[in-house]
>>> print(open('query-v6.tsv').read())   # TSV, C-alpha atoms
chain	number	residue	atom	x	y	z
Y	1	MET	CA	0.00	0.00	0.00
Y	2	LYS	CA	2.85	2.36	0.90
Y	3	ARG	CA	4.60	1.63	-2.41
Y	4	LYS	CA	1.41	2.48	-4.33
Y	5	PHE	CA	1.17	5.80	-2.50
Y	6	LEU	CA	4.80	6.71	-3.25
Y	7	PHE	CA	4.34	5.78	-6.93
Y	8	ALA	CA	1.21	7.94	-7.19
Y	9	ALA	CA	3.01	10.87	-5.55
Y	10	ALA	CA	5.97	10.57	-7.92
Y	11	LEU	CA	3.63	10.42	-10.93
Y	12	ALA	CA	1.80	13.55	-9.75
Y	13	ALA	CA	5.11	15.38	-9.35
Y	14	LEU	CA	6.19	14.44	-12.87
Y	15	THR	CA	2.93	15.52	-14.54
Y	16	PRO	CA	3.63	19.31	-14.37
Y	17	LEU	CA	7.15	18.68	-15.68
Y	18	ALA	CA	5.78	16.75	-18.63
Y	19	ALA	CA	3.29	19.52	-19.36
Y	20	GLN	CA	6.07	22.11	-19.11
Y	21	ALA	CA	8.26	20.13	-21.50
Y	22	GLN	CA	5.36	19.98	-23.98
Y	23	VAL	CA	4.90	23.77	-23.80
Y	24	MET	CA	8.64	24.41	-24.20
Y	25	SER	CA	8.77	22.21	-27.31
Y	26	SER	CA	5.96	24.20	-28.97
Y	27	GLY	CA	8.42	26.99	-29.95
Y	28	PRO	CA	10.48	27.18	-33.18
Y	29	VAL	CA	12.35	23.93	-33.80
Y	30	VAL	CA	15.32	23.80	-36.17
Y	31	GLY	CA	16.75	20.78	-37.91
Y	32	ALA	CA	19.69	18.89	-36.51
Y	33	GLY	CA	22.89	20.85	-36.99
Y	34	ASN	CA	21.07	24.00	-38.11
Y	35	THR	CA	21.08	27.40	-36.40
Y	36	LEU	CA	18.26	29.57	-35.00
Y	37	LEU	CA	18.52	33.31	-35.70
Y	38	ASN	CA	16.22	35.88	-34.08
Y	39	ILE	CA	15.94	39.29	-35.75
Y	40	ALA	CA	14.16	42.46	-34.61
Y	41	ALA	CA	13.57	45.02	-37.37
Y	42	GLU	CA	11.63	48.28	-37.62
Y	43	GLY	CA	9.59	49.71	-40.47
Y	44	LYS	CA	8.15	53.22	-40.75
Y	45	SER	CA	5.77	55.21	-42.90
Y	46	THR	CA	4.51	58.79	-42.62
Y	47	ARG	CA	1.16	60.34	-43.40
Y	48	THR	CA	-0.47	63.74	-43.12
Y	49	PRO	CA	-3.24	63.61	-40.48
Y	50	ASP	CA	-6.81	63.86	-41.71
Y	51	LEU	CA	-8.53	63.92	-38.31
Y	52	ALA	CA	-8.23	66.15	-35.24
Y	53	VAL	CA	-9.79	65.08	-31.93
Y	54	PHE	CA	-10.33	67.68	-29.20
Y	55	ASN	CA	-12.46	68.34	-26.11
Y	56	ALA	CA	-14.67	71.40	-25.71
Y	57	GLY	CA	-17.03	72.41	-22.97
Y	58	VAL	CA	-18.34	74.82	-20.39
Y	59	THR	CA	-17.70	75.19	-16.67
Y	60	THR	CA	-20.09	77.34	-14.63
Y	61	GLN	CA	-20.56	78.14	-10.96
Y	62	GLY	CA	-23.63	78.98	-8.89
Y	63	LYS	CA	-24.83	79.23	-5.31
Y	64	THR	CA	-26.80	76.01	-5.75
Y	65	ALA	CA	-26.20	72.91	-7.85
Y	66	GLY	CA	-29.37	73.63	-9.83
Y	67	GLU	CA	-28.26	77.19	-10.60
Y	68	ALA	CA	-24.84	76.07	-11.81
Y	69	LEU	CA	-26.32	73.28	-13.93
Y	70	THR	CA	-29.06	75.46	-15.47
Y	71	GLU	CA	-26.57	78.07	-16.66
Y	72	ASN	CA	-24.25	75.34	-17.87
Y	73	ALA	CA	-27.02	73.69	-19.90
Y	74	GLN	CA	-27.89	76.98	-21.61
Y	75	ARG	CA	-24.31	77.74	-22.57
Y	76	MET	CA	-23.54	74.15	-23.60
Y	77	THR	CA	-26.59	74.10	-25.87
Y	78	SER	CA	-25.09	77.08	-27.69
Y	79	VAL	CA	-21.70	75.37	-27.91
Y	80	ILE	CA	-23.15	72.20	-29.46
Y	81	ALA	CA	-25.21	74.31	-31.88
Y	82	ALA	CA	-22.00	76.12	-32.88
Y	83	LEU	CA	-20.29	72.79	-33.56
Y	84	ARG	CA	-23.11	71.69	-35.83
Y	85	LYS	CA	-23.10	75.05	-37.58
Y	86	GLY	CA	-19.36	74.65	-38.07
Y	87	GLY	CA	-19.92	71.46	-40.07
Y	88	ILE	CA	-19.31	68.85	-37.36
Y	89	ALA	CA	-21.53	65.80	-37.89
Y	90	GLU	CA	-23.69	64.37	-35.10
Y	91	ARG	CA	-21.63	61.17	-35.06
Y	92	ASP	CA	-18.50	63.20	-34.34
Y	93	ILE	CA	-19.84	64.86	-31.17
Y	94	GLN	CA	-19.93	62.77	-27.99
Y	95	THR	CA	-20.40	63.81	-24.37
Y	96	SER	CA	-17.24	62.91	-22.43
Y	97	ASN	CA	-17.88	64.52	-19.04
Y	98	LEU	CA	-20.94	65.86	-17.20
Y	99	SER	CA	-20.45	66.60	-13.52
Y	100	VAL	CA	-21.61	68.82	-10.65
Y	101	ASN	CA	-19.27	69.30	-7.67
Y	102	PRO	CA	-19.33	71.43	-4.53
Y	103	VAL	CA	-16.97	74.39	-4.16
Y	104	TYR	CA	-15.51	74.71	-0.67
Y	105	GLY	CA	-14.55	77.94	1.05
Y	106	GLN	CA	-10.97	78.62	2.11
Y	107	PRO	CA	-10.13	77.85	5.76
Y	108	LYS	CA	-9.94	80.89	8.05
Y	109	ARG	CA	-6.54	81.97	9.29
Y	110	LEU	CA	-6.44	83.06	12.93
Y	111	ALA	CA	-4.55	86.03	14.43
Y	112	ASP	CA	-1.67	83.81	15.57
Y	113	GLY	CA	-1.19	82.53	12.02
Y	114	SER	CA	-2.74	79.12	12.56
Y	115	ILE	CA	-5.62	77.69	10.52
Y	116	GLU	CA	-9.01	77.39	12.15
Y	117	GLU	CA	-9.96	73.73	12.44
Y	118	ARG	CA	-13.49	73.17	11.24
Y	119	ASP	CA	-15.41	71.09	8.73
Y	120	PRO	CA	-15.21	72.32	5.10
Y	121	VAL	CA	-17.97	74.75	4.21
Y	122	ILE	CA	-19.69	74.56	0.81
Y	123	VAL	CA	-19.89	78.04	-0.70
Y	124	GLY	CA	-21.23	77.08	-4.13
Y	125	TYR	CA	-21.33	74.49	-6.87
Y	126	GLN	CA	-19.47	73.96	-10.13
Y	127	ALA	CA	-21.00	72.28	-13.17
Y	128	THR	CA	-18.92	70.98	-16.07
Y	129	ASN	CA	-20.07	69.60	-19.42
Y	130	GLN	CA	-17.58	68.52	-22.06
Y	131	VAL	CA	-17.84	66.87	-25.45
Y	132	SER	CA	-15.24	64.99	-27.46
Y	133	VAL	CA	-15.18	66.27	-31.04
Y	134	ARG	CA	-13.72	64.77	-34.21
Y	135	GLN	CA	-12.83	67.48	-36.72
Y	136	ARG	CA	-12.48	66.04	-40.24
Y	137	LYS	CA	-11.87	69.27	-42.13
Y	138	LEU	CA	-8.51	70.28	-40.69
Y	139	ASP	CA	-8.39	73.52	-42.65
Y	140	GLN	CA	-11.49	74.60	-40.70
Y	141	TYR	CA	-10.16	73.66	-37.26
Y	142	GLY	CA	-9.04	77.12	-36.18
Y	143	LYS	CA	-12.32	78.64	-37.35
Y	144	VAL	CA	-14.33	76.05	-35.39
Y	145	ILE	CA	-12.37	76.82	-32.21
Y	146	ASP	CA	-13.03	80.54	-32.59
Y	147	THR	CA	-16.74	79.85	-33.14
Y	148	LEU	CA	-16.87	77.75	-29.97
Y	149	VAL	CA	-15.27	80.50	-27.91
Y	150	ALA	CA	-17.75	83.03	-29.26
Y	151	ALA	CA	-20.60	80.62	-28.39
Y	152	GLY	CA	-19.55	80.46	-24.74
Y	153	ALA	CA	-17.05	77.61	-24.45
Y	154	ASN	CA	-14.48	78.23	-21.75
Y	155	GLN	CA	-12.73	74.85	-21.99
Y	156	VAL	CA	-11.01	73.70	-25.19
Y	157	ASN	CA	-8.22	71.12	-25.07
Y	158	GLY	CA	-6.33	69.46	-27.90
Y	159	PRO	CA	-6.01	68.60	-30.66
Y	160	SER	CA	-4.79	65.04	-30.99
Y	161	PHE	CA	-4.09	64.46	-34.68
Y	162	GLN	CA	-4.96	61.06	-36.10
Y	163	ILE	CA	-5.48	59.13	-39.34
Y	164	ASP	CA	-9.02	58.00	-39.95
Y	165	SER	CA	-7.99	54.88	-41.93
Y	166	PRO	CA	-4.41	53.92	-41.01
Y	167	ASP	CA	-4.39	50.37	-42.47
Y	168	ALA	CA	-2.58	51.21	-45.72
Y	169	ALA	CA	0.13	53.18	-43.91
Y	170	MET	CA	0.59	50.41	-41.34
Y	171	ASP	CA	0.91	47.78	-44.08
Y	172	GLU	CA	3.56	49.90	-45.76
Y	173	ALA	CA	5.52	49.95	-42.50
Y	174	ARG	CA	5.08	46.18	-42.11
Y	175	LEU	CA	6.52	45.51	-45.58
Y	176	GLU	CA	9.52	47.71	-44.84
Y	177	ALA	CA	10.09	45.95	-41.51
Y	178	MET	CA	9.99	42.49	-43.11
Y	179	LYS	CA	12.38	43.55	-45.91
Y	180	THR	CA	14.78	44.91	-43.32
Y	181	ALA	CA	14.53	41.72	-41.25
Y	182	ARG	CA	15.25	39.49	-44.26
Y	183	ALA	CA	18.18	41.64	-45.42
Y	184	ARG	CA	19.66	41.49	-41.93
Y	185	ALA	CA	19.16	37.72	-41.73
Y	186	ASP	CA	20.94	37.27	-45.08
Y	187	LEU	CA	23.80	39.44	-43.81
Y	188	TYR	CA	24.26	37.34	-40.68
Y	189	ALA	CA	23.98	34.12	-42.64
Y	190	ARG	CA	26.67	35.16	-45.14
Y	191	ALA	CA	28.96	36.30	-42.34
Y	192	ALA	CA	28.58	32.88	-40.68
Y	193	GLY	CA	28.99	30.95	-43.93
Y	194	LEU	CA	25.38	29.82	-43.84
Y	195	ARG	CA	22.14	30.43	-45.73
Y	196	VAL	CA	18.57	31.24	-44.70
Y	197	VAL	CA	16.41	28.13	-44.98
Y	198	ARG	CA	13.02	29.33	-43.80
Y	199	VAL	CA	11.04	31.63	-41.51
Y	200	LEU	CA	10.05	29.96	-38.25
Y	201	SER	CA	7.94	32.65	-36.54
Y	202	ILE	CA	6.83	36.29	-36.89
Y	203	SER	CA	5.42	38.68	-34.30
Y	204	GLU	CA	4.94	42.44	-34.31
Y	205	ASN	CA	4.49	45.53	-32.19
Y	206	ALA	CA	2.83	48.44	-33.96
Y	207	GLY	CA	1.58	51.96	-33.36
Y	208	TRP	CA	1.89	55.56	-34.41
Y	209	SER	CA	3.55	58.59	-32.89
Y	210	PRO	CA	1.36	61.71	-33.20
Y	211	PRO	CA	2.73	65.20	-32.64
Y	212	GLN	CA	2.37	66.10	-28.96
Y	213	PRO	CA	-0.87	68.10	-28.62
Y	214	GLN	CA	-0.81	71.41	-26.80
Y	215	ALA	CA	-3.76	72.70	-24.82
Y	216	MET	CA	-4.97	75.68	-26.80
Y	217	PHE	CA	-7.26	76.92	-24.02
Y	218	ALA	CA	-8.16	75.41	-20.66
Y	219	ARG	CA	-10.44	76.54	-17.83
Y	220	ALA	CA	-10.34	80.18	-18.79
Y	221	GLU	CA	-12.69	82.89	-20.00
Y	222	MET	CA	-11.89	83.31	-23.67
Y	223	ALA	CA	-13.48	86.55	-24.80
Y	224	SER	CA	-10.05	87.79	-25.85
Y	225	ALA	CA	-9.05	84.63	-27.77
Y	226	PRO	CA	-7.32	85.39	-31.09
Y	227	LYS	CA	-9.33	85.02	-34.27
Y	228	SER	CA	-8.49	82.32	-36.82
Y	229	SER	CA	-6.35	80.39	-34.36
Y	230	PRO	CA	-3.36	78.96	-36.28
Y	231	VAL	CA	-3.00	75.17	-36.24
Y	232	ALA	CA	-0.18	73.05	-37.73
Y	233	ALA	CA	-1.04	69.36	-38.28
Y	234	GLY	CA	2.46	68.15	-39.16
Y	235	GLU	CA	2.91	64.45	-39.95
Y	236	LEU	CA	2.19	61.18	-38.19
Y	237	GLU	CA	4.79	58.43	-38.14
Y	238	MET	CA	3.55	54.83	-38.19
Y	239	THR	CA	6.04	52.38	-36.72
Y	240	VAL	CA	6.05	48.58	-36.80
Y	241	THR	CA	8.64	46.37	-35.10
Y	242	VAL	CA	8.73	42.74	-36.21
Y	243	ASN	CA	10.47	39.89	-34.45
Y	244	VAL	CA	11.32	37.16	-36.94
Y	245	SER	CA	12.96	33.80	-36.26
Y	246	TYR	CA	14.91	32.21	-39.14
Y	247	GLU	CA	16.49	28.82	-39.58
Y	248	LEU	CA	20.03	28.86	-40.99
Y	249	ALA	CA	21.85	25.92	-42.54
Y	250	ASN	CA	25.00	25.12	-44.51
>>> encode(input="query-v6.tsv", output="structure tokens")
Amino acid sequence: MKRKFLFAAALAALTPLAAQAQVMSSGPVVGAGNTLLNIAAEGKSTRTPDLAVFNAGVTTQGKTAGEALTENAQRMTSVIAALRKGGIAERDIQTSNLSVNPVYGQPKRLADGSIEERDPVIVGYQATNQVSVRQRKLDQYGKVIDTLVAAGANQVNGPSFQIDSPDAAMDEARLEAMKTARARADLYARAAGLRVVRVLSISENAGWSPPQPQAMFARAEMASAPKSSPVAAGELEMTVTVNVSYELAN
């Protein structure tokens, strides 16, 4: 009975090892005497952005939450109407933040310089309503911002420039990355007196690097904002890194 127990325990201990060995053998396997070569290569492509994403909204304050929210709703209605008038489609306007928060008074400083210890006192309320906007006509972006300011917006942040359909640009970067990987593999193979037999595995990391957006306006009254705000879209760089495993042989 004791021998059966020890055998069962040994078998249970070996099971995870067998499973681990099976997982380890699932990777690239080269033929006997051949060599495994791992290459990391990068491909890039650039495009002019055709989409600008920004946030716009209104922040108001009042003695009560209802007062702050009522004024905010009136001004935000004008802002959304200005967006539509500026040619922004309904599908490109989406509420991103709607909140009402208390505003607390500053603590009182006593004659000896210390701060009076007491519970925070609510002196009013602040309402904020923001929408995320996708601007497709980049040559009209500055004009739209100016229209929003005139309509009562006192929060405008962005833009983040993007490409509406990046697939073609990403594929261009992928092709460049694979060509670079193969050229590098051939170089290593020649230097080692070998040749590339086949590709064993391919994986990728991809993305784009937009220009860093700057906040044009934020939490400020904008009656004095400049007209026809200048905007430079620049270029977007799509980057793909591929990791390719090759088998080399004599």
>>> closest_residue(input="query-v6.tsv", among="Y:Ala191, Y:Val131, Y:Ile39, Y:Val240", to="Ala206 of chain Y", atoms="all atoms listed in the file")
Y:Val240
>>> closest_residue(input="query-v6.tsv", among="Y:Leu248, Y:Arg134, Y:Ala81, Y:Gly66", to="Gly193 of chain Y", atoms="all atoms listed in the file")
Y:Leu248
>>> closest_residue(input="query-v6.tsv", among="Y:Thr128, Y:Phe54, Y:Asn101, Y:Val121", to="Ala73 of chain Y", atoms="all atoms listed in the file")
Y:Thr128
>>> residues_near_point(input="query-v6.tsv", point="(-21.0, 80.2, -6.4)", cutoff="8 Å", atoms="all atoms listed in the file", output="VMD selection string")
chain Y and resid 61 to 64 68 103 123 to 126
>>> atom_distance(input="query-v6.tsv", atom1="atom CA of Val156 of chain Y", atom2="atom CA of Ala82 of chain Y")
13.6 Å
>>> atom_distance(input="query-v6.tsv", atom1="atom CA of Leu138 of chain Y", atom2="atom CA of Arg84 of chain Y")
15.5 Å
>>> residues_around(input="query-v6.tsv", residues="Ile93 of chain Y", least_positions_apart="5", cutoff="10 Å", atoms="all atoms listed in the file", output="ChimeraX atom specification")
/Y:55-56,80,83-84,88,131-135
>>> residues_around(input="query-v6.tsv", residues="Leu37 of chain Y", least_positions_apart="3", cutoff="9 Å", atoms="only C-alpha atoms", output="JSON, numbers by chain")
{"Y": [185, 188, 189, 244, 245, 246, 247, 248]}
>>> atom_distance(input="query-v6.tsv", atom1="atom CA of Asp146 of chain Y", atom2="atom CA of Thr48 of chain Y")
23.5 Å
>>> closest_residue(input="query-v6.tsv", among="Y:Ala65, Y:Leu187, Y:Ala40, Y:Met238", to="Asp171 of chain Y", atoms="all atoms listed in the file")
Y:Met238
>>> residues_around(input="query-v6.tsv", residues="Met76 of chain Y", least_positions_apart="6", cutoff="9 Å", atoms="only C-alpha atoms", output="VMD selection string")
chain Y and resid 57 to 58 129 to 130 151 to 153
>>> residues_around(input="query-v6.tsv", residues="Phe161 of chain Y", least_positions_apart="2", cutoff="7 Å", atoms="all atoms listed in the file", output="list in words")
Pro49, Leu51, Ala52, Val53, Pro159, Pro210 and Ala233 of chain Y
>>> decode(input="query-v6.tsv", residues="segment 31-164 of chain Y", atoms="C-alpha atoms", output="CSV table (one decimal), in the first residue's frame")
chain,number,residue,atom,x,y,z
Y,31,GLY,CA,16.7,20.8,-37.9
Y,32,ALA,CA,19.7,18.9,-36.5
Y,33,GLY,CA,22.9,20.9,-37.0
Y,34,ASN,CA,21.1,24.0,-38.1
Y,35,THR,CA,21.1,27.4,-36.4
Y,36,LEU,CA,18.3,29.6,-35.0
Y,37,LEU,CA,18.5,33.3,-35.7
Y,38,ASN,CA,16.2,35.9,-34.1
Y,39,ILE,CA,15.9,39.3,-35.8
Y,40,ALA,CA,14.2,42.5,-34.6
Y,41,ALA,CA,13.6,45.0,-37.4
Y,42,GLU,CA,11.6,48.3,-37.6
Y,43,GLY,CA,9.6,49.7,-40.5
Y,44,LYS,CA,8.2,53.2,-40.7
Y,45,SER,CA,5.8,55.2,-42.9
Y,46,THR,CA,4.5,58.8,-42.6
Y,47,ARG,CA,1.2,60.3,-43.4
Y,48,THR,CA,-0.5,63.7,-43.1
Y,49,PRO,CA,-3.2,63.6,-40.5
Y,50,ASP,CA,-6.8,63.9,-41.7
Y,51,LEU,CA,-8.5,63.9,-38.3
Y,52,ALA,CA,-8.2,66.1,-35.2
Y,53,VAL,CA,-9.8,65.1,-31.9
Y,54,PHE,CA,-10.3,67.7,-29.2
Y,55,ASN,CA,-12.5,68.3,-26.1
Y,56,ALA,CA,-14.7,71.4,-25.7
Y,57,GLY,CA,-17.0,72.4,-23.0
Y,58,VAL,CA,-18.3,74.8,-20.4
Y,59,THR,CA,-17.7,75.2,-16.7
Y,60,THR,CA,-20.1,77.3,-14.6
Y,61,GLN,CA,-20.6,78.1,-11.0
Y,62,GLY,CA,-23.6,79.0,-8.9
Y,63,LYS,CA,-24.8,79.2,-5.3
Y,64,THR,CA,-26.8,76.0,-5.8
Y,65,ALA,CA,-26.2,72.9,-7.9
Y,66,GLY,CA,-29.4,73.6,-9.8
Y,67,GLU,CA,-28.3,77.2,-10.6
Y,68,ALA,CA,-24.8,76.1,-11.8
Y,69,LEU,CA,-26.3,73.3,-13.9
Y,70,THR,CA,-29.1,75.5,-15.5
Y,71,GLU,CA,-26.6,78.1,-16.7
Y,72,ASN,CA,-24.2,75.3,-17.9
Y,73,ALA,CA,-27.0,73.7,-19.9
Y,74,GLN,CA,-27.9,77.0,-21.6
Y,75,ARG,CA,-24.3,77.7,-22.6
Y,76,MET,CA,-23.5,74.2,-23.6
Y,77,THR,CA,-26.6,74.1,-25.9
Y,78,SER,CA,-25.1,77.1,-27.7
Y,79,VAL,CA,-21.7,75.4,-27.9
Y,80,ILE,CA,-23.1,72.2,-29.5
Y,81,ALA,CA,-25.2,74.3,-31.9
Y,82,ALA,CA,-22.0,76.1,-32.9
Y,83,LEU,CA,-20.3,72.8,-33.6
Y,84,ARG,CA,-23.1,71.7,-35.8
Y,85,LYS,CA,-23.1,75.0,-37.6
Y,86,GLY,CA,-19.4,74.7,-38.1
Y,87,GLY,CA,-19.9,71.5,-40.1
Y,88,ILE,CA,-19.3,68.9,-37.4
Y,89,ALA,CA,-21.5,65.8,-37.9
Y,90,GLU,CA,-23.7,64.4,-35.1
Y,91,ARG,CA,-21.6,61.2,-35.1
Y,92,ASP,CA,-18.5,63.2,-34.3
Y,93,ILE,CA,-19.8,64.9,-31.2
Y,94,GLN,CA,-19.9,62.8,-28.0
Y,95,THR,CA,-20.4,63.8,-24.4
Y,96,SER,CA,-17.2,62.9,-22.4
Y,97,ASN,CA,-17.9,64.5,-19.0
Y,98,LEU,CA,-20.9,65.9,-17.2
Y,99,SER,CA,-20.5,66.6,-13.5
Y,100,VAL,CA,-21.6,68.8,-10.6
Y,101,ASN,CA,-19.3,69.3,-7.7
Y,102,PRO,CA,-19.3,71.4,-4.5
Y,103,VAL,CA,-17.0,74.4,-4.2
Y,104,TYR,CA,-15.5,74.7,-0.7
Y,105,GLY,CA,-14.5,77.9,1.1
Y,106,GLN,CA,-11.0,78.6,2.1
Y,107,PRO,CA,-10.1,77.9,5.8
Y,108,LYS,CA,-9.9,80.9,8.1
Y,109,ARG,CA,-6.5,82.0,9.3
Y,110,LEU,CA,-6.4,83.1,12.9
Y,111,ALA,CA,-4.6,86.0,14.4
Y,112,ASP,CA,-1.7,83.8,15.6
Y,113,GLY,CA,-1.2,82.5,12.0
Y,114,SER,CA,-2.7,79.1,12.6
Y,115,ILE,CA,-5.6,77.7,10.5
Y,116,GLU,CA,-9.0,77.4,12.2
Y,117,GLU,CA,-10.0,73.7,12.4
Y,118,ARG,CA,-13.5,73.2,11.2
Y,119,ASP,CA,-15.4,71.1,8.7
Y,120,PRO,CA,-15.2,72.3,5.1
Y,121,VAL,CA,-18.0,74.8,4.2
Y,122,ILE,CA,-19.7,74.6,0.8
Y,123,VAL,CA,-19.9,78.0,-0.7
Y,124,GLY,CA,-21.2,77.1,-4.1
Y,125,TYR,CA,-21.3,74.5,-6.9
Y,126,GLN,CA,-19.5,74.0,-10.1
Y,127,ALA,CA,-21.0,72.3,-13.2
Y,128,THR,CA,-18.9,71.0,-16.1
Y,129,ASN,CA,-20.1,69.6,-19.4
Y,130,GLN,CA,-17.6,68.5,-22.1
Y,131,VAL,CA,-17.8,66.9,-25.5
Y,132,SER,CA,-15.2,65.0,-27.5
Y,133,VAL,CA,-15.2,66.3,-31.0
Y,134,ARG,CA,-13.7,64.8,-34.2
Y,135,GLN,CA,-12.8,67.5,-36.7
Y,136,ARG,CA,-12.5,66.0,-40.2
Y,137,LYS,CA,-11.9,69.3,-42.1
Y,138,LEU,CA,-8.5,70.3,-40.7
Y,139,ASP,CA,-8.4,73.5,-42.7
Y,140,GLN,CA,-11.5,74.6,-40.7
Y,141,TYR,CA,-10.2,73.7,-37.3
Y,142,GLY,CA,-9.0,77.1,-36.2
Y,143,LYS,CA,-12.3,78.6,-37.3
Y,144,VAL,CA,-14.3,76.1,-35.4
Y,145,ILE,CA,-12.4,76.8,-32.2
Y,146,ASP,CA,-13.0,80.5,-32.6
Y,147,THR,CA,-16.7,79.8,-33.1
Y,148,LEU,CA,-16.9,77.7,-30.0
Y,149,VAL,CA,-15.3,80.5,-27.9
Y,150,ALA,CA,-17.8,83.0,-29.3
Y,151,ALA,CA,-20.6,80.6,-28.4
Y,152,GLY,CA,-19.5,80.5,-24.7
Y,153,ALA,CA,-17.1,77.6,-24.5
Y,154,ASN,CA,-14.5,78.2,-21.7
Y,155,GLN,CA,-12.7,74.8,-22.0
Y,156,VAL,CA,-11.0,73.7,-25.2
Y,157,ASN,CA,-8.2,71.1,-25.1
Y,158,GLY,CA,-6.3,69.5,-27.9
Y,159,PRO,CA,-6.0,68.6,-30.7
Y,160,SER,CA,-4.8,65.0,-31.0
Y,161,PHE,CA,-4.1,64.5,-34.7
Y,162,GLN,CA,-5.0,61.1,-36.1
Y,163,ILE,CA,-5.5,59.1,-39.3
Y,164,ASP,CA,-9.0,58.0,-39.9
